[in-house]
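Here's the structure we're looking at; comments come further down.
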Amino acid sequence: MGLRKLFLIAFKDLRLIFRDPAALIMMLLAPFLLTIGMGALTGGFSGGGGSTFSDIPVEIVNLDEGILGQTLVDVFTSPELEALVSPRLSTDLGAAQALVDSNQSAAVVCIPAGFSESLLSPRTQGSSAAPIEFYANPTMPNSAGFLRSLVDQFVNQVEIGRVSGEVIVTQLLENGLISYQQAPDIGAQIGYEMGQASATSSSIRIKADLAEGEALEFNILAYMAPSMALMFLMFTVTYGARSLLVEDRAGTLPRMLVAPTSSASVLGGKFAGIFLTAIAQLTILIGGTSLMFSLQWGDTMGVILLILAAAFGATGWGVLFAAILKTPGQIAVTGSAVMLLFGLLGGSFFDLSMLPGWVQMLNKITPNFWGNDGFFILGIGGQVKDISTHLTALLIMGGVLFAFASIWIGKRGLARK
Amino acid sequence: MPPIVEVINLVKKYGDLTAVDGISFTVQEGEIFSLLGPNGAGKTTTLSILSTLFSPTAGEAIICGHPVTKEPMAVKRVIGVVPQEIALYEDLTALENLNFWGKMYGLSGRDLSRRIDQVLELTGLKERARQRIKTYSGGMKRRVNIGVGLLHQPRLLFMDEPTVGIDPQSRRAILDSVKELNRAGMTILYTTHYMEEAQELSDRVGIIDHGKLIALGTQDELTAQVGEMDTLILHLGENEDPIHLAEGLKSLPGVLQANPTDHEVAIVTASAEEALAPVVSRANEMGFKIYSVDMREPNLEAVFLHLTGRALRE
């Protein structure tokens with residue numbers, strides 16, 4: 001009974017928002033036009049099939065003498081990426097950076113000396129792996145973003161291999177199967193093989209996509225469309241949140257609360273309404289741009305799950321605003337500000353790798369970041385497992401914010417007086 | 001027979017403000033009971049507590065045998081509420097609104113369709129049922145607002161100032177339908193600041209002011225409190241000072257009270273006919289221009305004036 005009324009309220013809200021022309025303009029038309037506008041600015045409509053990633057110039061400076069540095073070089077020079085990137089090998093970091101500064105290259109990937117050693121030898125307390133330096137060209141944000149995703153993927157897989165190696169070696173030691181003298185060599189071997197296997201499997205995945213002839217044709221609009229959709233998703237959720245306070249003032253919320261329905265069903269219905277609206281918006285925008293621009297979004301299940309998770313994470317923010325803000329006006333103003341701020345932080349306007357480190361940490365609180373990155377990974381051929389962190393982060397975000405808002409509203413009471 | 005509503009020392013405080021201050025009354029099944037009082041007297045807050053929307057700070061109310069604080073869901077099932085504001089979705093049609101609210105009250109299928117038809121018939125809006133509420137006049141919206149409260153045929157209907165801001169014709173229709181519902185057996189708890197409505201509709205009236213119930217009884221019982229007193233209302237121009245005039249009239253023989261309000265002075269007297277000439281004469285002497293004079297026999301307005309020294313509209 002409670003669930004029936006919850007959905008009754010949710011679908012009523014969905015119907016109401018789709019009857020509000022102003023809301024529709026902001027929810028659907030504005031992101032659609034901005035996608036087209038930004039696509040045109042970045043050359044998304046040139047060349048018939050749209051702007052594609054191909055022959056991205058990249059400088060690889062390998063100062064590492066170990067096996068992992070060479071493995072990363074092998075990834076960039078692999079036949080599978082041949083059409084996609086044009087790597088140039090060098091040992092002169094300054095010269096490579098100069099090429100980026102003069103717009104002749106999209107990025108420098110500098111593998112520091114001792115990179116393999118730092119990863120494959122046992123860690124002492126306080127020591128850390130030598131980081132790969134990524135020097136991005138700000139005028140080529142999408143190409144740089146793509147290259148960075150390749151490097152990130154490699155580093156993540158190597159790190160997984162390293163941690164797995166440590167765990168295995170520890171187990172072997174504890175069970176007396178190897179001696180302490182053997183441990184460093186065995187650990188390095190396991191880490192290397194797992195890193196190698198991971199890197200290879202990434203290449204295999206790209207190769208598989210190339211065989212389909214899809215992932216290589218990564219249209220810039222496929223990045224712009226979800227970026228804009230995710231940015232305006234924040235408008236949708238704040239609009240939905242605003243409706244809770246509007247209904248309180250209009251008397252319809254108190255009227256629902258005096259009907260034989262629990263407060264939890266009413267609150268759940270309002271929140272479900274925001275969630276459904278957010279899903280509808282993302283689905284329409286993604287579906288619409290797919291049809292109009294023949295965009296390839298990648299793995300269908302991944303896209304569906306990411307839409308649901310992004311809508312859930314964003315809904316969490318919406319309900320938080322409904323809980324802590326006091327007037328519809330406050331929500332409207334806050335919503336607009338947050339929409340733009342999250343858009344900036346989440347990478348809707350430019351490549352995040354150009355931003356300072358603390359901003360790159362802060363943007364993890366935005367659904368935009370996880371959504372944008374997730375859609376990007378799917379767009380270049382990723383599967384559900386490749387965006388599992390993104391899905392988890394968005395679900396945790398939505399869950400935590402929803403719980404906090406529910407507690408807050410529970411203390412205050414749903415109808416305000 | 002136990003009362004359908006029993007209110008026991010109800011208190012509602014918001015910080016330092018006491019909106020409802022120890023109110024007690026009962027309503028019998030089949031009655032129309034009115035809470036009469038000026039804006040801000042505590043009528044809506046009382047109704048909100050009775051309809052389980054707000055919890056009381058102290059006291060209890062028992063509706064059809066169910067305490068509102070302990071069994072709110074049981075209370076919700078037997079009551080219907082017509083709020084003061086138009087609590088409808090403007091972008092939905094009347095039909096969609098009734099459908100939504102009917103389902104919120106647990107109606108479905110043929111039962112819901114039948115009740116929607118009956119309510120549309122009762123409100124006279126069948127022809128425009130498929131038009132959005134925002135295209136309706138104020139009176140039509142009020143009728144739908146009432147219709148929503150009737151959908152599930154409640155035993156007890158709370159109506160909070162249902163005629164505020166509408167034209168006389170719609171107001172007449174609403175008052176007639178309230179009487180009709182009561183004749184059909186529905187108990188009605190009605191709040192208003194219009195003395196005429198309370199007088200026309202109510203079996204019993206509770207007069208409420210500053211959160212306190214200051215009088216309770218049938219109309220005859222209440223008007224008996226002011227004895228055989230008449231009331232003269234002097235209507236002044238906008239620039240006139242009613243306080244000054246009231247002071248000047250208090251000393252006249254036969255004038256028991258002279259209470260200034262906005263552009264008016266209300267005079268309580270044993271005989272309006274005898275007091276009229278000296279009152280007008282004194283006002284002229286003081287240089288006041290009187291636009292019109294109302295003579296009123298004992299009524300609920302006079303009771304309120306007698307008890308509070310203020311008019312209901314203040």
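Within each chain, counting starts at residue 1; across the structure tokens, chains are named A, B, ... in the order shown, with ligands numbered 1 upward in that order.
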Closest atom pairs, chain B residues within 9 Å of chain A, only C-alpha atoms, as CSV:
```
residue,atom,partner,partner_atom,distance
B:Tyr14,CA,A:Lys417,CA,8.5
B:Ser48,CA,A:Val258,CA,8.8
B:Ser51,CA,A:Val258,CA,6.1
B:Thr52,CA,A:Val258,CA,6.4
B:Leu53,CA,A:Val258,CA,6.0
B:Phe54,CA,A:Ala415,CA,8.3
B:Pro72,CA,A:Pro260,CA,8.6
B:Met73,CA,A:Pro260,CA,5.7
B:Ala74,CA,A:Pro260,CA,7.9
B:Val75,CA,A:Pro260,CA,8.4
B:Lys76,CA,A:Pro260,CA,5.1
B:Arg77,CA,A:Pro260,CA,5.6
B:Ile79,CA,A:Ala259,CA,8.6
B:Gly80,CA,A:Ala259,CA,8.1
B:Val81,CA,A:Val258,CA,7.6
B:Val82,CA,A:Arg255,CA,8.6
B:Pro83,CA,A:Gly251,CA,7.5
B:Gln84,CA,A:Gly251,CA,8.5
B:Glu85,CA,A:Gly251,CA,6.3
B:Ile86,CA,A:Gly251,CA,7.1
B:Ala87,CA,A:Thr252,CA,4.6
B:Leu88,CA,A:Thr252,CA,6.2
B:Tyr89,CA,A:Thr252,CA,7.6
B:Asp91,CA,A:Leu16,CA,6.5
B:Leu92,CA,A:Leu16,CA,7.3
B:Phe100,CA,A:Leu8,CA,7.5
B:Trp101,CA,A:Met256,CA,8.1
B:Lys103,CA,A:Lys5,CA,7.7
B:Met104,CA,A:Ala259,CA,6.4
B:Tyr105,CA,A:Ala259,CA,5.9
B:Gly106,CA,A:Pro260,CA,7.8
```
task: Tell me which protein, DNA and RNA residues are within 8 Å of Ser24 of chain B, counting only C-alpha atoms, leaving out same-chain ones fewer than 2 positions away, and put them as a VMD selection string.
output: chain B and resid 6 to 10 22 26 213
- prompt: segment 267-277 of chain A: which residues within 6 Å, counting only C-alpha atoms, same-chain residues fewer than 5 positions away excluded, as an MDAnalysis selection string?
  reply: chainID A and resid 6:7 9:10 13:14 237 240 315
Create the file for the chosen residues now, containing C-alpha atoms and written as a PDB file, in the first residue's frame.
```pdb
ATOM      1  CA  LEU A   6       5.016   6.257  -3.155  1.00  0.00           C
ATOM      2  CA  PHE A   7       4.893   5.564  -6.890  1.00  0.00           C
ATOM      3  CA  ILE A   9       3.331  10.592  -5.854  1.00  0.00           C
ATOM      4  CA  ALA A  10       6.483   9.973  -7.900  1.00  0.00           C
ATOM      5  CA  ASP A  13       5.661  14.682  -9.986  1.00  0.00           C
ATOM      6  CA  LEU A  14       7.065  13.285 -13.213  1.00  0.00           C
ATOM      7  CA  VAL A 237      17.220  17.499  -9.091  1.00  0.00           C
ATOM      8  CA  GLY A 240      12.487  18.485  -7.938  1.00  0.00           C
ATOM      9  CA  THR A 315      19.105  12.963  -6.474  1.00  0.00           C
TER      10      THR A 315
END
```
message: I'd like the neighbourhood of Thr261 of chain B as number ranges by chain, where a residue qualifies if any of its atoms comes within 12 Å (using only C-alpha atoms), though same-chain residues fewer than 3 positions away should be ignored.
response: B: 233-236, 238, 240-246, 258, 264-267, 305, 309-314
Any chance you could export the current selection's N, CA and C atoms as a PDB file, in the first residue's frame?
```
ATOM      1  N   ILE B 233     -22.858  50.450  14.280  1.00  0.00           N
ATOM      2  CA  ILE B 233     -21.551  50.568  13.625  1.00  0.00           C
ATOM      3  C   ILE B 233     -21.535  51.866  12.830  1.00  0.00           C
ATOM      4  N   LEU B 234     -20.630  52.785  13.193  1.00  0.00           N
ATOM      5  CA  LEU B 234     -20.489  54.061  12.461  1.00  0.00           C
ATOM      6  C   LEU B 234     -19.340  53.903  11.460  1.00  0.00           C
ATOM      7  N   HIS B 235     -19.616  54.114  10.177  1.00  0.00           N
ATOM      8  CA  HIS B 235     -18.588  54.025   9.134  1.00  0.00           C
ATOM      9  C   HIS B 235     -18.053  55.417   8.852  1.00  0.00           C
ATOM     10  N   LEU B 236     -16.721  55.581   9.005  1.00  0.00           N
ATOM     11  CA  LEU B 236     -16.099  56.900   8.847  1.00  0.00           C
ATOM     12  C   LEU B 236     -15.295  56.965   7.549  1.00  0.00           C
ATOM     13  N   GLU B 238     -11.787  57.800   5.311  1.00  0.00           N
ATOM     14  CA  GLU B 238     -10.438  57.241   5.493  1.00  0.00           C
ATOM     15  C   GLU B 238      -9.541  58.088   6.375  1.00  0.00           C
ATOM     16  N   GLU B 240     -10.481  60.016   8.860  1.00  0.00           N
ATOM     17  CA  GLU B 240     -11.033  60.266  10.206  1.00  0.00           C
ATOM     18  C   GLU B 240     -10.316  59.383  11.236  1.00  0.00           C
ATOM     19  N   ASP B 241     -10.330  59.867  12.496  1.00  0.00           N
ATOM     20  CA  ASP B 241      -9.651  59.130  13.568  1.00  0.00           C
ATOM     21  C   ASP B 241     -10.699  58.431  14.450  1.00  0.00           C
ATOM     22  N   PRO B 242     -10.934  57.127  14.263  1.00  0.00           N
ATOM     23  CA  PRO B 242     -11.989  56.436  15.024  1.00  0.00           C
ATOM     24  C   PRO B 242     -11.699  56.393  16.535  1.00  0.00           C
ATOM     25  N   ILE B 243     -10.410  56.415  16.900  1.00  0.00           N
ATOM     26  CA  ILE B 243     -10.065  56.352  18.337  1.00  0.00           C
ATOM     27  C   ILE B 243     -10.557  57.615  19.048  1.00  0.00           C
ATOM     28  N   HIS B 244     -10.330  58.742  18.388  1.00  0.00           N
ATOM     29  CA  HIS B 244     -10.755  60.031  18.955  1.00  0.00           C
ATOM     30  C   HIS B 244     -12.271  60.085  19.093  1.00  0.00           C
ATOM     31  N   LEU B 245     -12.948  59.622  18.056  1.00  0.00           N
ATOM     32  CA  LEU B 245     -14.417  59.651  18.095  1.00  0.00           C
ATOM     33  C   LEU B 245     -14.942  58.715  19.194  1.00  0.00           C
ATOM     34  N   ALA B 246     -14.357  57.506  19.277  1.00  0.00           N
ATOM     35  CA  ALA B 246     -14.811  56.546  20.296  1.00  0.00           C
ATOM     36  C   ALA B 246     -14.674  57.131  21.692  1.00  0.00           C
ATOM     37  N   ALA B 258     -17.714  51.827  23.341  1.00  0.00           N
ATOM     38  CA  ALA B 258     -17.418  52.438  22.031  1.00  0.00           C
ATOM     39  C   ALA B 258     -16.032  51.938  21.629  1.00  0.00           C
ATOM     40  N   GLU B 264     -14.036  52.622  11.521  1.00  0.00           N
ATOM     41  CA  GLU B 264     -15.344  52.350  12.114  1.00  0.00           C
ATOM     42  C   GLU B 264     -15.277  52.537  13.626  1.00  0.00           C
ATOM     43  N   VAL B 265     -16.471  52.820  14.186  1.00  0.00           N
ATOM     44  CA  VAL B 265     -16.594  52.768  15.650  1.00  0.00           C
ATOM     45  C   VAL B 265     -17.820  51.897  15.952  1.00  0.00           C
ATOM     46  N   ALA B 266     -17.614  50.860  16.779  1.00  0.00           N
ATOM     47  CA  ALA B 266     -18.708  49.960  17.142  1.00  0.00           C
ATOM     48  C   ALA B 266     -19.207  50.355  18.539  1.00  0.00           C
ATOM     49  N   ILE B 267     -20.486  50.629  18.620  1.00  0.00           N
ATOM     50  CA  ILE B 267     -21.060  51.083  19.887  1.00  0.00           C
ATOM     51  C   ILE B 267     -22.038  50.039  20.403  1.00  0.00           C
ATOM     52  N   LEU B 305     -17.493  41.151  20.243  1.00  0.00           N
ATOM     53  CA  LEU B 305     -17.201  42.527  20.665  1.00  0.00           C
ATOM     54  C   LEU B 305     -17.323  42.647  22.182  1.00  0.00           C
ATOM     55  N   GLY B 309     -13.828  43.268  23.211  1.00  0.00           N
ATOM     56  CA  GLY B 309     -13.689  44.704  22.984  1.00  0.00           C
ATOM     57  C   GLY B 309     -13.199  45.020  21.580  1.00  0.00           C
ATOM     58  N   ARG B 310     -13.158  44.002  20.709  1.00  0.00           N
ATOM     59  CA  ARG B 310     -12.695  44.205  19.340  1.00  0.00           C
ATOM     60  C   ARG B 310     -13.685  43.582  18.366  1.00  0.00           C
ATOM     61  N   ALA B 311     -13.659  44.092  17.134  1.00  0.00           N
ATOM     62  CA  ALA B 311     -14.506  43.482  16.107  1.00  0.00           C
ATOM     63  C   ALA B 311     -13.791  42.265  15.530  1.00  0.00           C
ATOM     64  N   LEU B 312     -14.561  41.351  14.911  1.00  0.00           N
ATOM     65  CA  LEU B 312     -13.981  40.131  14.347  1.00  0.00           C
ATOM     66  C   LEU B 312     -12.965  40.405  13.254  1.00  0.00           C
ATOM     67  N   ARG B 313     -13.178  41.509  12.542  1.00  0.00           N
ATOM     68  CA  ARG B 313     -12.304  41.778  11.395  1.00  0.00           C
ATOM     69  C   ARG B 313     -10.956  42.345  11.794  1.00  0.00           C
ATOM     70  N   GLU B 314     -10.781  42.737  13.071  1.00  0.00           N
ATOM     71  CA  GLU B 314      -9.508  43.306  13.497  1.00  0.00           C
ATOM     72  C   GLU B 314      -8.392  42.296  13.364  1.00  0.00           C
TER      73      GLU B 314
END
```
task: Quote the spacing between atom CA of Lys289 of chain B and atom CA of Phe304 of chain B in Å to one decimal place.
output: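 Straight-line distance from atom CA of Lys289 of chain B to atom CA of Phe304 of chain B works out to 26.7 Å.
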field: For atom CA of Val158 of chain A and atom CA of Trp358 of chain A, the interatomic separation in Å (one decimal)
entry: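 For atom CA of Val158 of chain A relative to atom CA of Trp358 of chain A, the distance reads 24.3 Å.
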message: Run DSSP on the backbone and tell me which residues of segment 56-141 of chain B come out as strand (DSSP E or B); list them as a count of residues only.
response: 14
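Among A:Met292, A:Val338, A:Leu89, A:Ile387, the residue with the shortest atom-to-atom distance to Ala310 of chain A, counting only C-alpha atoms, is A:Ile387.
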field: Selected residue of minimal separation from Phe402 of chain A among A:Ala96, A:Ile178, A:Leu341, A:Ala241, counting only C-alpha atoms
entry: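 Looking at the shortest contact to Phe402 of chain A, the residue is A:Ala241.
Atom CA of Gln70 of chain A is found 26.9 Å from atom CA of Gln181 of chain A.
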Identify, on the basis of only C-alpha atoms, every residue whose closest approach to segment 324-326 of chain A does not exceed 8 Å; exclude the query and any residue fewer than 3 positions from it along the same chain; express the result as a CSV table (one decimal) with C-alpha atoms, in the first residue's frame.
```csv
chain,number,residue,atom,x,y,z
A,245,LEU,CA,8.9,23.2,-0.5
A,320,LEU,CA,19.9,17.4,0.7
A,321,PHE,CA,19.0,20.8,-0.6
A,330,GLN,CA,16.9,29.5,-1.7
A,331,ILE,CA,16.9,26.2,-3.5
A,405,ALA,CA,18.5,14.4,4.4
A,408,TRP,CA,17.3,16.0,9.0
```
Alpha helix (DSSP H) per DSSP on the backbone: members of segment 364-405 of chain A, as a PyMOL selection string: chain A and resi 367-379+388-405
Take the residues from that selection and put them in a file with N, CA, C and O atoms, as a short mmCIF file (atom, residue, chain, number, x, y, z; two decimals), in the first residue's frame.
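Below is the file result_29.cif, written as the result:
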```
data_model
loop_
_atom_site.label_atom_id
_atom_site.label_comp_id
_atom_site.auth_asym_id
_atom_site.auth_seq_id
_atom_site.Cartn_x
_atom_site.Cartn_y
_atom_site.Cartn_z
N PRO A 367 28.52 14.32 -8.84
CA PRO A 367 28.09 13.23 -9.73
C PRO A 367 28.60 13.46 -11.15
O PRO A 367 28.79 12.51 -11.91
N ASN A 368 28.86 14.74 -11.46
CA ASN A 368 29.34 15.08 -12.81
C ASN A 368 30.66 14.39 -13.11
O ASN A 368 30.86 13.86 -14.20
N PHE A 369 31.58 14.42 -12.14
CA PHE A 369 32.89 13.83 -12.36
C PHE A 369 32.77 12.34 -12.68
O PHE A 369 33.28 11.86 -13.68
N TRP A 370 32.06 11.63 -11.79
CA TRP A 370 31.96 10.18 -11.96
C TRP A 370 31.18 9.84 -13.23
O TRP A 370 31.52 8.89 -13.94
N GLY A 371 30.16 10.64 -13.50
CA GLY A 371 29.35 10.40 -14.70
C GLY A 371 30.13 10.67 -15.97
O GLY A 371 30.19 9.84 -16.88
N ASN A 372 30.79 11.84 -16.01
CA ASN A 372 31.58 12.19 -17.20
C ASN A 372 32.65 11.15 -17.48
O ASN A 372 32.83 10.68 -18.61
N ASP A 373 33.38 10.81 -16.41
CA ASP A 373 34.48 9.86 -16.57
C ASP A 373 33.94 8.48 -16.99
O ASP A 373 34.51 7.82 -17.84
N GLY A 374 32.81 8.11 -16.37
CA GLY A 374 32.21 6.82 -16.70
C GLY A 374 31.77 6.75 -18.15
O GLY A 374 32.05 5.78 -18.85
N PHE A 375 31.09 7.80 -18.61
CA PHE A 375 30.65 7.81 -20.01
C PHE A 375 31.85 7.80 -20.97
O PHE A 375 31.81 7.21 -22.03
N PHE A 376 32.92 8.52 -20.55
CA PHE A 376 34.10 8.55 -21.39
C PHE A 376 34.71 7.15 -21.52
O PHE A 376 35.04 6.71 -22.63
N ILE A 377 34.80 6.48 -20.38
CA ILE A 377 35.38 5.12 -20.41
C ILE A 377 34.53 4.19 -21.28
O ILE A 377 35.05 3.43 -22.09
N LEU A 378 33.21 4.31 -21.13
CA LEU A 378 32.33 3.48 -21.96
C LEU A 378 32.48 3.85 -23.43
O LEU A 378 32.48 2.98 -24.31
N GLY A 379 32.63 5.16 -23.67
CA GLY A 379 32.74 5.63 -25.06
C GLY A 379 33.97 5.12 -25.77
O GLY A 379 33.97 4.91 -26.98
N SER A 388 32.99 0.17 -12.55
CA SER A 388 32.41 -0.29 -11.27
C SER A 388 32.72 0.69 -10.14
O SER A 388 31.88 0.93 -9.27
N THR A 389 33.91 1.29 -10.17
CA THR A 389 34.24 2.28 -9.14
C THR A 389 33.31 3.47 -9.25
O THR A 389 32.83 4.02 -8.24
N HIS A 390 33.04 3.89 -10.48
CA HIS A 390 32.16 5.04 -10.71
C HIS A 390 30.75 4.75 -10.20
O HIS A 390 30.14 5.58 -9.54
N LEU A 391 30.27 3.55 -10.52
CA LEU A 391 28.91 3.17 -10.09
C LEU A 391 28.84 3.13 -8.57
O LEU A 391 27.91 3.66 -7.95
N THR A 392 29.86 2.53 -7.97
CA THR A 392 29.87 2.42 -6.50
C THR A 392 29.91 3.81 -5.86
O THR A 392 29.18 4.09 -4.91
N ALA A 393 30.77 4.67 -6.40
CA ALA A 393 30.91 6.02 -5.84
C ALA A 393 29.58 6.77 -5.92
O ALA A 393 29.16 7.43 -4.95
N LEU A 394 28.90 6.66 -7.04
CA LEU A 394 27.62 7.38 -7.22
C LEU A 394 26.55 6.81 -6.29
O LEU A 394 25.75 7.57 -5.72
N LEU A 395 26.54 5.50 -6.13
CA LEU A 395 25.54 4.89 -5.25
C LEU A 395 25.79 5.27 -3.78
O LEU A 395 24.86 5.58 -3.04
N ILE A 396 27.06 5.26 -3.40
CA ILE A 396 27.39 5.66 -2.02
C ILE A 396 27.02 7.13 -1.82
O ILE A 396 26.43 7.52 -0.81
N MET A 397 27.36 7.96 -2.81
CA MET A 397 27.04 9.40 -2.71
C MET A 397 25.53 9.59 -2.48
O MET A 397 25.11 10.28 -1.55
N GLY A 398 24.74 8.96 -3.35
CA GLY A 398 23.28 9.12 -3.24
C GLY A 398 22.77 8.58 -1.91
O GLY A 398 21.96 9.20 -1.24
N GLY A 399 23.28 7.40 -1.51
CA GLY A 399 22.82 6.77 -0.29
C GLY A 399 23.12 7.60 0.95
O GLY A 399 22.26 7.81 1.81
N VAL A 400 24.35 8.10 1.01
CA VAL A 400 24.77 8.89 2.19
C VAL A 400 23.95 10.19 2.25
O VAL A 400 23.43 10.56 3.32
N LEU A 401 23.84 10.87 1.13
CA LEU A 401 23.10 12.14 1.12
C LEU A 401 21.62 11.92 1.43
O LEU A 401 20.99 12.70 2.16
N PHE A 402 21.05 10.86 0.88
CA PHE A 402 19.65 10.53 1.13
C PHE A 402 19.42 10.25 2.62
O PHE A 402 18.47 10.76 3.22
N ALA A 403 20.33 9.47 3.23
CA ALA A 403 20.19 9.15 4.65
C ALA A 403 20.30 10.41 5.50
O ALA A 403 19.50 10.63 6.41
N PHE A 404 21.26 11.25 5.16
CA PHE A 404 21.45 12.49 5.92
C PHE A 404 20.20 13.38 5.81
O PHE A 404 19.71 13.90 6.81
N ALA A 405 19.70 13.52 4.59
CA ALA A 405 18.51 14.37 4.38
C ALA A 405 17.29 13.80 5.10
O ALA A 405 16.50 14.54 5.70
#
```
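Nearest to Pro168 of chain B of all the residues B:Gly227, B:Ile62, B:Gly139, B:Lys250 is B:Gly139, based on only C-alpha atoms.
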field: Residues within 9 Å of Leu340 of chain A, only C-alpha atoms, excluding chain neighbours under 3 positions, as a list in words
entry: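 The residues that qualify are Met231, Phe232, Met234, Gly335, Ser336, Ala337, Gly343, Leu344 and Leu345 of chain A.
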Serialized selection, C-alpha atoms, as a short mmCIF file (atom, residue, chain, number, x, y, z; two decimals), in the first residue's frame:
```cif
data_model
loop_
_atom_site.label_atom_id
_atom_site.label_comp_id
_atom_site.auth_asym_id
_atom_site.auth_seq_id
_atom_site.Cartn_x
_atom_site.Cartn_y
_atom_site.Cartn_z
CA MET A 231 25.39 19.43 -15.65
CA PHE A 232 21.70 20.10 -16.27
CA MET A 234 21.74 19.14 -11.23
CA GLY A 335 20.70 24.90 -7.43
CA SER A 336 21.88 27.22 -10.20
CA ALA A 337 25.16 27.89 -8.40
CA GLY A 343 29.79 21.42 -14.03
CA LEU A 344 33.18 23.09 -13.67
CA LEU A 345 34.50 20.67 -11.07
#
```
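In terms of minimum interatomic distance to Val20 of chain B, B:Ile208 ranks closest within B:Leu125, B:Val226, B:Ile208, B:Leu35, counting only C-alpha atoms.
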task: Might you pull out every residue within 10 Å of Leu232 of chain B, with only C-alpha atoms counted and same-chain residues fewer than 6 positions away left off, and present them as a PyMOL selection string?
output: chain B and resi 255+258+265-269+271-273+275-276+279+293-297+302
